[in-house]
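A.B. asks: Data: protein_33.csv, CSV, C-alpha atoms.
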```csv
chain,number,residue,atom,x,y,z
A,7,MET,CA,123.4,111.8,194.2
A,8,THR,CA,126.5,109.6,194.3
A,9,VAL,CA,130.0,111.1,194.4
A,10,PHE,CA,130.5,110.1,190.7
A,11,GLU,CA,127.2,111.7,189.7
A,12,GLU,CA,128.2,114.8,191.6
A,13,LEU,CA,131.6,115.0,189.8
A,14,LYS,CA,129.8,114.7,186.5
A,15,ALA,CA,127.2,117.3,187.5
A,16,ARG,CA,129.9,119.8,188.5
A,17,GLY,CA,131.6,119.4,185.1
A,18,LEU,CA,134.7,118.0,186.5
A,19,LEU,CA,135.1,114.8,184.4
A,20,ALA,CA,137.1,114.8,181.2
A,21,GLN,CA,138.6,111.5,180.1
A,22,LEU,CA,138.2,108.0,181.8
A,23,THR,CA,139.8,104.7,180.9
A,24,ASP,CA,136.8,102.7,182.2
A,25,GLU,CA,133.8,104.7,183.4
A,26,GLU,CA,131.8,101.8,184.9
A,27,GLU,CA,134.8,100.5,186.9
A,28,ILE,CA,135.8,103.9,188.1
A,29,LYS,CA,132.3,104.8,189.1
A,30,GLU,CA,132.0,101.5,191.1
A,31,LEU,CA,135.3,102.1,192.9
A,32,ILE,CA,134.8,105.7,194.0
A,33,ASN,CA,131.1,105.3,194.9
A,34,SER,CA,132.0,102.3,197.1
A,35,GLY,CA,135.0,104.1,198.7
A,36,LYS,CA,137.4,101.5,197.4
A,37,ALA,CA,139.6,103.7,195.3
A,38,VAL,CA,143.2,104.1,196.4
A,39,PHE,CA,144.1,107.0,194.1
A,40,TYR,CA,147.1,109.3,193.6
A,41,ILE,CA,147.6,112.7,192.2
A,42,GLY,CA,151.1,114.0,191.4
A,43,PHE,CA,152.5,117.4,192.4
A,44,ASP,CA,155.8,118.5,190.9
A,45,PRO,CA,157.7,120.8,193.3
A,46,THR,CA,158.5,123.6,190.9
A,47,ALA,CA,158.0,126.3,193.6
A,48,ASP,CA,157.8,126.5,197.4
A,49,SER,CA,154.0,126.9,197.3
A,50,LEU,CA,151.0,125.4,195.6
A,51,HIS,CA,148.9,127.7,193.5
A,52,VAL,CA,145.4,128.1,192.0
A,53,GLY,CA,146.5,125.7,189.2
A,54,HIS,CA,146.6,122.9,191.8
A,55,PHE,CA,143.1,123.9,193.2
A,56,MET,CA,141.1,121.4,191.1
A,57,ALA,CA,143.3,118.5,192.1
A,58,LEU,CA,143.1,119.4,195.8
A,59,CYS,CA,139.3,119.8,195.7
A,60,LEU,CA,139.0,116.5,194.0
A,61,MET,CA,141.1,114.8,196.6
A,62,LYS,CA,138.8,116.3,199.3
A,63,ARG,CA,135.6,115.2,197.6
A,64,LEU,CA,136.8,111.6,197.1
A,65,GLN,CA,138.2,111.3,200.6
A,66,MET,CA,134.9,112.5,202.0
A,67,ALA,CA,133.3,109.6,200.2
A,68,GLY,CA,135.7,107.1,201.9
A,69,ASN,CA,138.4,106.8,199.2
A,70,LYS,CA,142.1,107.0,200.1
A,71,PRO,CA,144.3,109.7,198.6
A,72,ILE,CA,148.0,109.5,197.9
A,73,ALA,CA,149.7,112.8,197.4
A,74,LEU,CA,152.7,112.0,195.3
A,75,ILE,CA,155.4,114.7,195.5
A,76,GLY,CA,157.7,114.7,192.5
A,77,GLY,CA,161.1,114.9,194.1
A,78,GLY,CA,162.4,112.6,191.4
A,79,THR,CA,160.4,113.7,188.3
A,80,GLY,CA,160.9,117.3,189.4
A,81,MET,CA,164.6,116.9,188.4
A,82,ILE,CA,163.4,116.5,184.8
A,83,GLY,CA,160.3,118.6,184.5
A,84,ASP,CA,157.0,117.8,182.8
A,85,PRO,CA,157.0,119.0,179.1
A,86,SER,CA,153.1,119.0,179.1
A,87,GLY,CA,151.8,122.5,178.2
A,88,ARG,CA,155.3,123.9,177.9
A,89,SER,CA,156.9,125.6,174.9
A,90,ASP,CA,160.4,125.4,176.3
A,91,LEU,CA,162.6,123.5,178.8
A,92,ARG,CA,161.8,124.0,182.5
A,93,THR,CA,164.5,125.6,184.6
A,94,MET,CA,166.7,122.9,186.2
A,95,MET,CA,166.5,122.9,190.0
A,96,THR,CA,169.0,121.5,192.6
A,97,THR,CA,168.1,118.6,194.8
A,98,GLU,CA,168.2,121.1,197.7
A,99,GLN,CA,165.6,123.3,196.1
A,100,ILE,CA,163.4,120.4,195.2
A,101,ASP,CA,163.5,119.0,198.7
A,102,HIS,CA,162.7,122.4,200.3
A,103,ASN,CA,159.7,122.8,198.0
A,104,CYS,CA,158.4,119.3,198.9
A,105,GLU,CA,158.5,120.2,202.6
A,106,CYS,CA,156.3,123.3,201.9
A,107,PHE,CA,153.4,121.3,200.3
A,108,LYS,CA,152.0,119.2,203.1
A,109,LYS,CA,150.8,122.1,205.3
A,110,GLN,CA,148.9,123.6,202.5
A,111,MET,CA,147.4,120.3,201.4
A,112,SER,CA,146.2,119.7,205.0
A,113,ARG,CA,143.7,122.4,204.5
A,114,PHE,CA,142.0,120.1,202.0
A,115,ILE,CA,142.6,116.5,203.1
A,116,GLU,CA,143.3,114.7,206.3
A,117,PHE,CA,146.7,112.9,206.5
A,118,ASP,CA,147.5,109.7,208.4
A,119,GLU,CA,150.1,110.8,211.0
A,120,SER,CA,150.6,107.2,212.4
A,121,GLY,CA,153.6,106.6,210.1
A,122,ASP,CA,151.9,103.4,208.8
A,123,MET,CA,152.0,104.0,205.0
A,124,ASN,CA,149.8,100.9,204.5
A,125,ALA,CA,147.1,101.9,207.0
A,126,ASP,CA,143.7,100.7,205.9
A,127,SER,CA,141.7,103.9,206.1
A,128,SER,CA,140.7,106.9,204.0
A,129,LYS,CA,143.3,109.1,205.6
A,130,ALA,CA,145.8,110.4,203.0
A,131,ILE,CA,149.5,109.6,202.8
A,132,MET,CA,152.2,111.7,201.2
A,133,VAL,CA,154.9,109.9,199.2
A,134,ASN,CA,158.0,111.3,197.4
A,135,ASN,CA,159.0,109.6,194.2
A,136,ALA,CA,162.6,110.5,194.9
A,137,ASP,CA,162.6,107.4,197.1
A,138,TRP,CA,162.6,105.1,194.1
A,139,LEU,CA,163.7,107.3,191.2
A,140,ARG,CA,166.9,109.0,192.3
A,141,ASP,CA,168.8,105.8,192.9
A,142,LEU,CA,167.7,103.9,189.8
A,143,ASN,CA,170.3,102.0,187.8
A,144,TYR,CA,169.7,103.4,184.3
A,145,ILE,CA,170.6,100.2,182.4
A,146,GLU,CA,168.4,98.1,184.6
A,147,PHE,CA,165.5,100.6,184.3
A,148,ILE,CA,165.6,100.8,180.5
A,149,ARG,CA,165.7,97.0,180.2
A,150,ASP,CA,163.0,96.4,182.8
A,151,VAL,CA,160.6,99.3,182.0
A,152,GLY,CA,161.7,101.1,178.8
A,153,VAL,CA,161.2,97.9,176.8
A,154,HIS,CA,157.4,98.2,177.3
A,155,PHE,CA,157.1,101.7,175.5
A,156,SER,CA,156.8,102.3,171.8
A,157,VAL,CA,158.7,105.4,170.6
A,158,ASN,CA,156.3,105.7,167.7
A,159,ARG,CA,153.3,105.7,170.0
A,160,MET,CA,154.9,108.1,172.5
A,161,LEU,CA,155.5,110.7,169.7
A,162,THR,CA,151.8,110.8,169.0
A,163,ALA,CA,151.1,112.1,172.6
A,164,GLU,CA,150.0,115.7,172.8
A,165,CYS,CA,152.5,116.5,175.5
A,166,TYR,CA,155.3,115.7,173.0
A,167,LYS,CA,153.7,116.7,169.7
A,168,GLN,CA,153.5,120.4,170.7
A,169,ARG,CA,157.2,120.4,171.5
A,170,MET,CA,158.5,118.8,168.4
A,171,GLU,CA,158.8,122.0,166.4
A,172,LYS,CA,161.0,123.8,168.9
A,173,GLY,CA,162.8,120.7,169.9
A,174,LEU,CA,162.2,118.0,172.5
A,175,SER,CA,165.2,117.1,174.7
A,176,PHE,CA,165.9,113.4,175.4
A,177,LEU,CA,165.8,114.4,179.1
A,178,GLU,CA,162.1,115.4,178.8
A,179,PHE,CA,161.3,112.4,176.6
A,180,ASN,CA,161.9,110.2,179.7
A,181,TYR,CA,159.2,112.0,181.7
A,182,MET,CA,156.3,109.8,180.5
A,183,ILE,CA,158.2,106.6,181.3
A,184,MET,CA,159.1,107.9,184.8
A,185,GLN,CA,155.5,108.9,185.6
A,186,SER,CA,154.3,105.6,184.4
A,187,TYR,CA,156.8,103.9,186.7
A,188,ASP,CA,155.5,106.0,189.6
A,189,PHE,CA,152.0,104.4,189.0
A,190,LEU,CA,153.6,100.9,189.0
A,191,CYS,CA,155.5,101.5,192.2
A,192,LEU,CA,152.4,102.9,194.0
A,193,TYR,CA,150.3,100.0,192.8
A,194,GLU,CA,152.9,97.5,194.2
A,195,LYS,CA,153.6,99.3,197.4
A,196,TYR,CA,150.2,100.7,198.4
A,197,GLY,CA,147.6,99.0,196.3
A,198,CYS,CA,147.0,102.3,194.4
A,199,ASN,CA,144.5,101.4,191.7
A,200,MET,CA,143.7,104.8,190.2
A,201,GLN,CA,145.4,107.9,189.0
A,202,PHE,CA,143.8,111.3,188.6
A,203,GLY,CA,145.2,114.5,187.1
A,204,GLY,CA,144.6,117.4,184.8
A,205,ASP,CA,143.4,116.7,181.2
A,206,ASP,CA,146.8,117.6,179.8
A,207,GLN,CA,148.2,114.5,181.6
A,208,TRP,CA,146.1,112.0,179.8
A,209,SER,CA,149.0,110.5,177.7
A,210,ASN,CA,151.2,110.1,180.7
A,211,MET,CA,148.5,108.5,182.7
A,212,LEU,CA,147.6,105.9,180.0
A,213,GLY,CA,151.3,105.0,180.0
A,214,GLY,CA,151.0,104.0,183.7
A,215,THR,CA,147.9,101.8,183.2
A,216,GLU,CA,149.5,100.1,180.3
A,217,LEU,CA,152.8,99.5,182.2
A,218,ILE,CA,150.9,97.9,185.1
A,219,ARG,CA,148.9,95.7,182.7
A,220,ARG,CA,152.1,94.6,180.8
A,221,LYS,CA,154.3,94.0,183.9
A,222,LEU,CA,151.7,92.6,186.4
A,223,GLY,CA,148.8,91.6,184.3
A,224,LYS,CA,146.5,93.7,186.5
A,225,ASP,CA,144.0,96.5,185.8
A,226,ALA,CA,144.5,100.0,187.0
A,227,TYR,CA,142.5,103.1,186.0
A,228,ALA,CA,143.0,106.7,185.1
A,229,MET,CA,140.7,109.7,185.0
A,230,THR,CA,141.4,113.3,184.1
A,231,ILE,CA,139.6,116.4,185.4
A,232,THR,CA,138.6,119.4,183.3
A,233,LEU,CA,141.3,122.1,183.2
A,234,LEU,CA,140.2,125.4,184.9
A,235,LEU,CA,139.8,127.7,181.9
A,236,ASN,CA,138.1,131.1,181.7
A,237,SER,CA,135.4,132.0,179.1
A,238,GLU,CA,138.3,133.0,176.7
A,239,GLY,CA,139.9,129.5,176.9
A,240,LYS,CA,142.8,130.7,179.0
A,241,LYS,CA,144.0,128.9,182.2
A,242,MET,CA,142.8,130.7,185.3
A,243,GLY,CA,145.0,131.5,188.3
A,244,LYS,CA,147.2,134.1,186.7
A,245,THR,CA,147.4,137.9,187.3
A,246,GLN,CA,149.6,140.6,186.0
A,247,LYS,CA,152.0,139.9,188.8
A,248,GLY,CA,152.0,136.1,188.1
A,249,ALA,CA,150.5,133.1,189.8
A,250,VAL,CA,147.9,133.3,192.5
A,251,TRP,CA,149.5,131.3,195.3
A,252,LEU,CA,148.0,129.5,198.3
A,253,ASP,CA,150.9,130.7,200.5
A,254,PRO,CA,149.6,133.9,202.3
A,255,GLU,CA,153.2,135.3,202.2
A,256,LYS,CA,153.1,135.2,198.4
A,257,THR,CA,149.4,136.1,197.8
A,258,SER,CA,147.7,137.6,200.8
A,259,PRO,CA,144.2,136.4,201.8
A,260,TYR,CA,142.9,139.8,200.6
A,261,GLU,CA,144.5,139.5,197.2
A,262,PHE,CA,143.3,135.9,196.9
A,263,TYR,CA,139.8,137.0,197.8
A,264,GLN,CA,139.9,139.8,195.2
A,265,TYR,CA,141.1,137.5,192.5
A,266,TRP,CA,137.9,135.4,192.8
A,267,ARG,CA,135.7,138.5,193.5
A,268,ASN,CA,136.8,139.9,190.1
A,269,VAL,CA,136.3,136.8,187.9
A,270,ALA,CA,134.2,137.5,184.7
A,271,ASP,CA,130.5,137.2,184.9
A,272,ALA,CA,130.6,134.3,182.4
A,273,ASP,CA,133.0,132.3,184.7
A,274,VAL,CA,131.5,132.7,188.2
A,275,LEU,CA,128.9,129.9,188.1
A,276,LYS,CA,131.3,127.5,186.5
A,277,CYS,CA,133.8,128.2,189.3
A,278,LEU,CA,131.1,127.8,192.0
A,279,ARG,CA,130.3,124.4,190.5
A,280,MET,CA,133.8,123.1,190.1
A,281,LEU,CA,135.6,124.6,193.1
A,282,THR,CA,133.2,125.1,196.0
A,283,PHE,CA,131.5,122.5,198.2
A,284,LEU,CA,128.2,124.4,198.1
A,285,PRO,CA,125.2,122.1,197.4
A,286,MET,CA,124.4,121.8,193.7
A,287,GLU,CA,120.8,122.8,194.4
A,288,GLN,CA,122.1,126.2,195.8
A,289,ILE,CA,124.3,126.8,192.8
A,290,GLN,CA,121.6,125.8,190.3
A,291,GLU,CA,119.3,128.5,191.9
A,292,MET,CA,122.0,131.1,190.8
A,293,ASP,CA,121.8,130.0,187.2
A,294,HIS,CA,119.3,132.8,186.3
A,295,TRP,CA,121.0,135.5,188.4
A,296,GLU,CA,121.8,138.7,186.5
A,297,GLY,CA,123.4,142.1,187.2
A,298,SER,CA,123.9,142.9,190.9
A,299,GLN,CA,123.0,139.3,191.7
A,300,LEU,CA,126.1,138.1,189.8
A,301,ASN,CA,128.2,140.4,192.1
A,302,GLN,CA,126.6,138.6,195.0
A,303,ALA,CA,127.6,135.2,193.5
A,304,LYS,CA,131.1,136.5,193.1
A,305,GLU,CA,131.3,137.4,196.8
A,306,ILE,CA,130.0,133.9,197.7
A,307,LEU,CA,132.7,132.3,195.4
A,308,ALA,CA,135.5,134.5,196.8
A,309,PHE,CA,134.5,133.9,200.4
A,310,GLU,CA,134.1,130.1,200.0
A,311,LEU,CA,137.5,129.7,198.4
A,312,THR,CA,139.3,132.0,200.7
A,313,GLN,CA,137.8,130.2,203.6
A,314,LEU,CA,138.9,126.9,202.2
A,315,VAL,CA,142.5,128.0,201.8
A,316,HIS,CA,143.0,130.5,204.6
A,317,GLY,CA,140.3,129.8,207.1
A,318,THR,CA,137.1,131.6,208.1
A,319,GLU,CA,138.7,134.5,210.0
A,320,GLU,CA,140.9,135.5,207.1
A,321,ALA,CA,138.1,135.1,204.7
A,322,GLN,CA,135.9,137.4,206.8
A,323,LYS,CA,138.6,140.0,207.1
A,324,ALA,CA,139.2,140.0,203.3
A,325,GLN,CA,135.4,140.3,202.6
A,326,ASP,CA,135.0,143.2,205.1
A,327,SER,CA,138.0,145.0,203.6
A,328,ALA,CA,136.7,144.6,200.1
A,329,ARG,CA,133.3,145.8,201.0
A,330,ALA,CA,134.7,148.8,202.9
A,331,LEU,CA,136.8,149.7,199.8
A,332,PHE,CA,133.9,149.5,197.4
A,333,ALA,CA,131.8,151.5,199.8
A,334,GLY,CA,134.3,154.3,199.8
A,335,GLY,CA,135.3,154.1,203.4
A,336,GLY,CA,135.4,151.9,206.5
A,337,ASP,CA,138.3,149.8,207.8
A,338,ALA,CA,140.6,148.8,204.9
A,339,ALA,CA,143.4,147.6,207.2
A,340,ASN,CA,143.4,144.1,205.9
A,341,MET,CA,144.0,145.0,202.2
A,342,PRO,CA,147.5,144.6,200.7
A,343,THR,CA,149.8,147.3,202.1
A,344,CYS,CA,152.9,149.0,200.8
A,345,LYS,CA,155.2,150.6,203.3
A,346,LEU,CA,157.3,153.6,202.2
A,347,GLU,CA,160.6,154.4,203.8
A,348,GLU,CA,162.1,157.8,204.4
A,349,GLY,CA,164.5,157.2,201.5
A,350,ASP,CA,161.5,157.1,199.1
A,351,PHE,CA,160.8,160.8,199.6
A,352,GLN,CA,162.7,163.4,197.7
A,353,ASN,CA,162.8,167.0,199.2
A,354,GLY,CA,160.2,165.8,201.7
A,355,THR,CA,157.6,164.5,199.2
A,356,ILE,CA,156.8,161.7,196.8
A,357,ASP,CA,154.9,162.2,193.6
A,358,ILE,CA,151.9,160.1,192.5
A,359,LEU,CA,154.0,158.4,189.9
A,360,GLY,CA,156.4,157.2,192.5
A,361,VAL,CA,153.6,156.0,194.7
A,362,LEU,CA,152.1,153.9,191.9
A,363,VAL,CA,155.5,152.3,191.1
A,364,LYS,CA,156.4,151.6,194.8
A,365,ALA,CA,153.0,150.1,195.4
A,366,GLY,CA,153.4,147.8,192.5
A,367,LEU,CA,150.3,149.1,190.7
A,368,THR,CA,152.4,150.0,187.6
A,369,ALA,CA,155.7,148.6,186.4
A,370,SER,CA,157.3,152.0,185.5
A,371,ARG,CA,156.8,155.8,185.9
A,372,SER,CA,155.9,156.0,182.2
A,373,GLU,CA,153.1,153.5,182.7
A,374,ALA,CA,152.0,155.4,185.9
A,375,ARG,CA,151.9,158.6,183.9
A,376,ARG,CA,149.6,157.1,181.3
A,377,ALA,CA,147.3,155.7,184.0
A,378,VAL,CA,147.0,159.1,185.6
A,379,GLU,CA,146.5,160.9,182.2
A,380,GLN,CA,143.8,158.4,181.2
A,381,GLY,CA,141.9,159.0,184.4
A,382,GLY,CA,142.4,155.6,185.9
A,383,VAL,CA,144.0,156.5,189.3
A,384,THR,CA,142.2,157.5,192.5
A,385,VAL,CA,143.6,158.2,196.0
A,386,ASN,CA,141.1,157.9,198.8
A,387,ASP,CA,138.3,157.8,196.2
A,388,GLU,CA,139.4,161.1,194.6
A,389,LYS,CA,140.5,161.0,191.0
A,390,VAL,CA,144.1,162.2,190.5
A,391,THR,CA,144.5,164.0,187.2
A,392,ASP,CA,147.8,165.9,187.7
A,393,VAL,CA,151.0,163.8,187.3
A,394,LYS,CA,152.8,166.3,189.5
A,395,THR,CA,150.6,165.6,192.5
A,396,VAL,CA,152.9,165.0,195.6
A,397,TYR,CA,152.4,163.7,199.1
A,398,ALA,CA,154.2,164.5,202.3
A,399,PRO,CA,155.0,161.8,204.9
A,400,GLU,CA,152.2,163.1,207.1
A,401,ALA,CA,149.6,162.2,204.4
A,402,LEU,CA,150.6,158.6,204.7
A,403,ALA,CA,150.6,158.4,208.5
A,404,GLY,CA,148.0,156.4,210.4
A,405,GLU,CA,145.8,154.4,208.0
A,406,GLY,CA,147.6,155.9,205.0
A,407,LEU,CA,146.2,156.3,201.5
A,408,VAL,CA,144.1,153.9,199.6
A,409,VAL,CA,145.5,154.1,196.0
A,410,ARG,CA,143.5,152.5,193.2
A,411,ARG,CA,144.4,151.9,189.6
A,412,GLY,CA,141.4,151.0,187.5
A,413,LYS,CA,138.6,149.0,189.1
A,414,LYS,CA,140.4,146.0,190.4
A,415,SER,CA,143.9,147.0,191.6
A,416,TYR,CA,144.3,148.5,195.1
A,417,LYS,CA,147.0,149.2,197.7
A,418,ARG,CA,147.0,150.8,201.0
A,419,VAL,CA,150.2,153.0,201.1
A,420,VAL,CA,151.6,153.9,204.5
A,421,ILE,CA,154.9,155.2,206.0
```
The structure in this file should be written as structure tokens.

C.D. replies:
Amino acid sequence: MTVFEELKARGLLAQLTDEEEIKELINSGKAVFYIGFDPTADSLHVGHFMALCLMKRLQMAGNKPIALIGGGTGMIGDPSGRSDLRTMMTTEQIDHNCECFKKQMSRFIEFDESGDMNADSSKAIMVNNADWLRDLNYIEFIRDVGVHFSVNRMLTAECYKQRMEKGLSFLEFNYMIMQSYDFLCLYEKYGCNMQFGGDDQWSNMLGGTELIRRKLGKDAYAMTITLLLNSEGKKMGKTQKGAVWLDPEKTSPYEFYQYWRNVADADVLKCLRMLTFLPMEQIQEMDHWEGSQLNQAKEILAFELTQLVHGTEEAQKAQDSARALFAGGGDAANMPTCKLEEGDFQNGTIDILGVLVKAGLTASRSEARRAVEQGGVTVNDEKVTDVKTVYAPEALAGEGLVVRRGKKSYKRVVI
């Protein structure tokens, strides 16, 4: 199976400008491709997972990845998929976030450390579009680049249409032109002949191929990958607490493992196909799995992805802790832990409602009260039914208490 055939078999391909040319380039290892990452936070998250996995697959086939960090475009913000204007960041915030990305990306792709940006190999390079965007002369840019864009055509793009009702700022309207200019610069500087991205980026990507054709008379290509959606059509990678981050300080390896361990039955095989590097034959054998076998598939998914992001040792710790918890005992030392201070105790004790709030398992005492009254709270595998239940500091010494809300939310609470 060629790399292109595998991408198709895994359900990753969405829209392509020229399927035959793209197939030929990536199968022969001749694609110099880029994927953009806007530095809106100081960590990548599950929403970036598809792009990182694609970069890894293509690099393994001999193609050269360019990780483009949006230090320039990040000052505007991509309107795609947004109902309102993104929060404006300072250049210092943007530059800090850019610095945080390379270490996480290095888990997926191998970077060229020689400093030769034009090195002829499949090793990846990282480029920041701040280098050519931040010092642009606006008049020159509009005359040289803006002249090639039709406003009427731009307004038909999905990324703009969905914003027209609430109002689209002129600042955001520039985003497509700037992203297209990125592609032109990368083509001229590094021979970048292809752009990949999420399916919501299609309009922006077409703008880049068209600009290269108009300015240089050359062909460049674009391909979008399927968005990671669950069976309800919602983007994956979100929890009640927010995004699932790749930074272990933001989302612990255990929490990361648990997110994938708890995906819906209808989503597990799709995630195995799209995100893991397990052979397709092995995944196809799971197509007819049911019941407890699906739980086994979820364990495989969670372990593979945690191993990819955090390494084998952390993945094994997370799996051992999860199994120990489900078994009702064992070493749960690696699960997320909440540490209580002396000031959290009143008259020498803390009630179950306070424990739930401090552990982040509920947002308020009233929500905690409802959870207890509805029978959804256990402590060390014993259901708590009395909202007045209290715990002394001694009860939280040593390994502490394993507090569970529902089937999927757990915390070890210690002092």

A.B. asks: Which value, in Å to one decimal, gives the distance between atom CA of Ala249 of chain A and atom CA of Cys59 of chain A?

C.D. replies: 18.4 Å

A.B. asks: Between atom CA of Ile183 of chain A and atom CA of Asp101 of chain A, what is the spacing in Å?

C.D. replies: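 Atom-to-atom, atom CA of Asp101 of chain A and atom CA of Ile183 of chain A are spaced 22.0 Å apart.
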
A.B. asks: Within 10 Å of segment 185-187 of chain A, counting all atoms listed in the file, which residues show up once you throw out same-chain ones fewer than 6 positions away? Write them as a list in words, please.

C.D. replies: Gly42, Gly76, Gly78, Thr79, Asp84, Asn135, Trp138, Leu139, Phe147, Val151, Gly152, Tyr193, Ser209, Asn210, Met211, Leu212, Gly213, Gly214, Thr215, Glu216, Leu217 and Ile218 of chain A

A.B. asks: So which residues touch segment 407-412 of chain A within 8 Å, counting only C-alpha atoms, skipping near sequence neighbours fewer than 2 positions away, as a ChimeraX atom specification?

C.D. replies: /A:362,367,377,382-387,401-402,405,414-420

A.B. asks: At what distance in Å, to one decimal, does atom CA of Val250 of chain A lie from atom CA of Ile72 of chain A?

C.D. replies: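 Separation of atom CA of Ile72 of chain A and atom CA of Val250 of chain A: 24.4 Å.
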
A.B. asks: Taking (165.0, 110.0, 175.2) in the coordinates of the supplied file, I want to know which residues reach to within 12 Å of it, counting all atoms listed in the file; could you give the answer as a list in words?

C.D. replies: Ile82, Ile148, Gly152, Phe155, Ser156, Val157, Met160, Leu161, Tyr166, Leu174, Ser175, Phe176, Leu177, Glu178, Phe179, Asn180, Tyr181, Met182, Ile183 and Met184 of chain A

A.B. asks: Could you give me, as a list in words, the residues within 9 Å of Leu278 of chain A, counting all atoms listed in the file and dropping anything in the same chain fewer than 2 positions from it?

C.D. replies: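 These residues fall inside the cut-off: Arg16, Asp273, Val274, Leu275, Lys276, Met280, Leu281, Thr282, Phe283, Leu284, Ile289, Ala303, Lys304, Ile306, Leu307 and Glu310 of chain A.
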
A.B. asks: Can you fill out segment 313-318 of chain A with all heavy atoms and hand it back as a compact mmCIF listing (two decimals), in the frame of the given file?

C.D. replies:
```txt
# COMPACT_ATOMS: atom_id res chain seq x y z
N GLN A 313 138.02 130.98 202.40
CA GLN A 313 137.80 130.20 203.60
C GLN A 313 138.45 128.84 203.56
O GLN A 313 139.07 128.37 204.51
CB GLN A 313 136.29 130.07 203.89
CG GLN A 313 135.93 129.28 205.13
CD GLN A 313 134.43 129.23 205.34
OE1 GLN A 313 133.92 129.66 206.36
NE2 GLN A 313 133.72 128.69 204.37
N LEU A 314 138.34 128.22 202.40
CA LEU A 314 138.90 126.90 202.20
C LEU A 314 140.44 126.91 202.33
O LEU A 314 141.03 126.01 202.92
CB LEU A 314 138.51 126.37 200.82
CG LEU A 314 138.79 124.91 200.48
CD1 LEU A 314 138.08 123.97 201.45
CD2 LEU A 314 138.35 124.61 199.05
N VAL A 315 141.07 127.95 201.80
CA VAL A 315 142.50 128.00 201.80
C VAL A 315 143.09 128.67 203.03
O VAL A 315 144.11 128.22 203.57
CB VAL A 315 143.00 128.79 200.51
CG1 VAL A 315 144.52 129.00 200.53
CG2 VAL A 315 142.60 128.02 199.27
N HIS A 316 142.44 129.74 203.52
CA HIS A 316 143.00 130.50 204.60
C HIS A 316 142.24 130.52 205.91
O HIS A 316 142.68 131.11 206.89
CB HIS A 316 143.20 131.98 204.13
CG HIS A 316 144.13 132.15 202.97
ND1 HIS A 316 145.47 131.86 203.05
CD2 HIS A 316 143.90 132.53 201.69
CE1 HIS A 316 146.04 132.09 201.87
NE2 HIS A 316 145.10 132.49 201.03
N GLY A 317 141.09 129.88 205.92
CA GLY A 317 140.30 129.80 207.10
C GLY A 317 139.21 130.90 207.18
O GLY A 317 139.29 131.91 206.47
N THR A 318 138.23 130.69 208.04
CA THR A 318 137.10 131.60 208.10
C THR A 318 137.43 132.99 208.53
O THR A 318 136.93 133.98 207.98
CB THR A 318 136.02 131.00 209.09
OG1 THR A 318 135.67 129.67 208.69
CG2 THR A 318 134.77 131.86 209.11
```
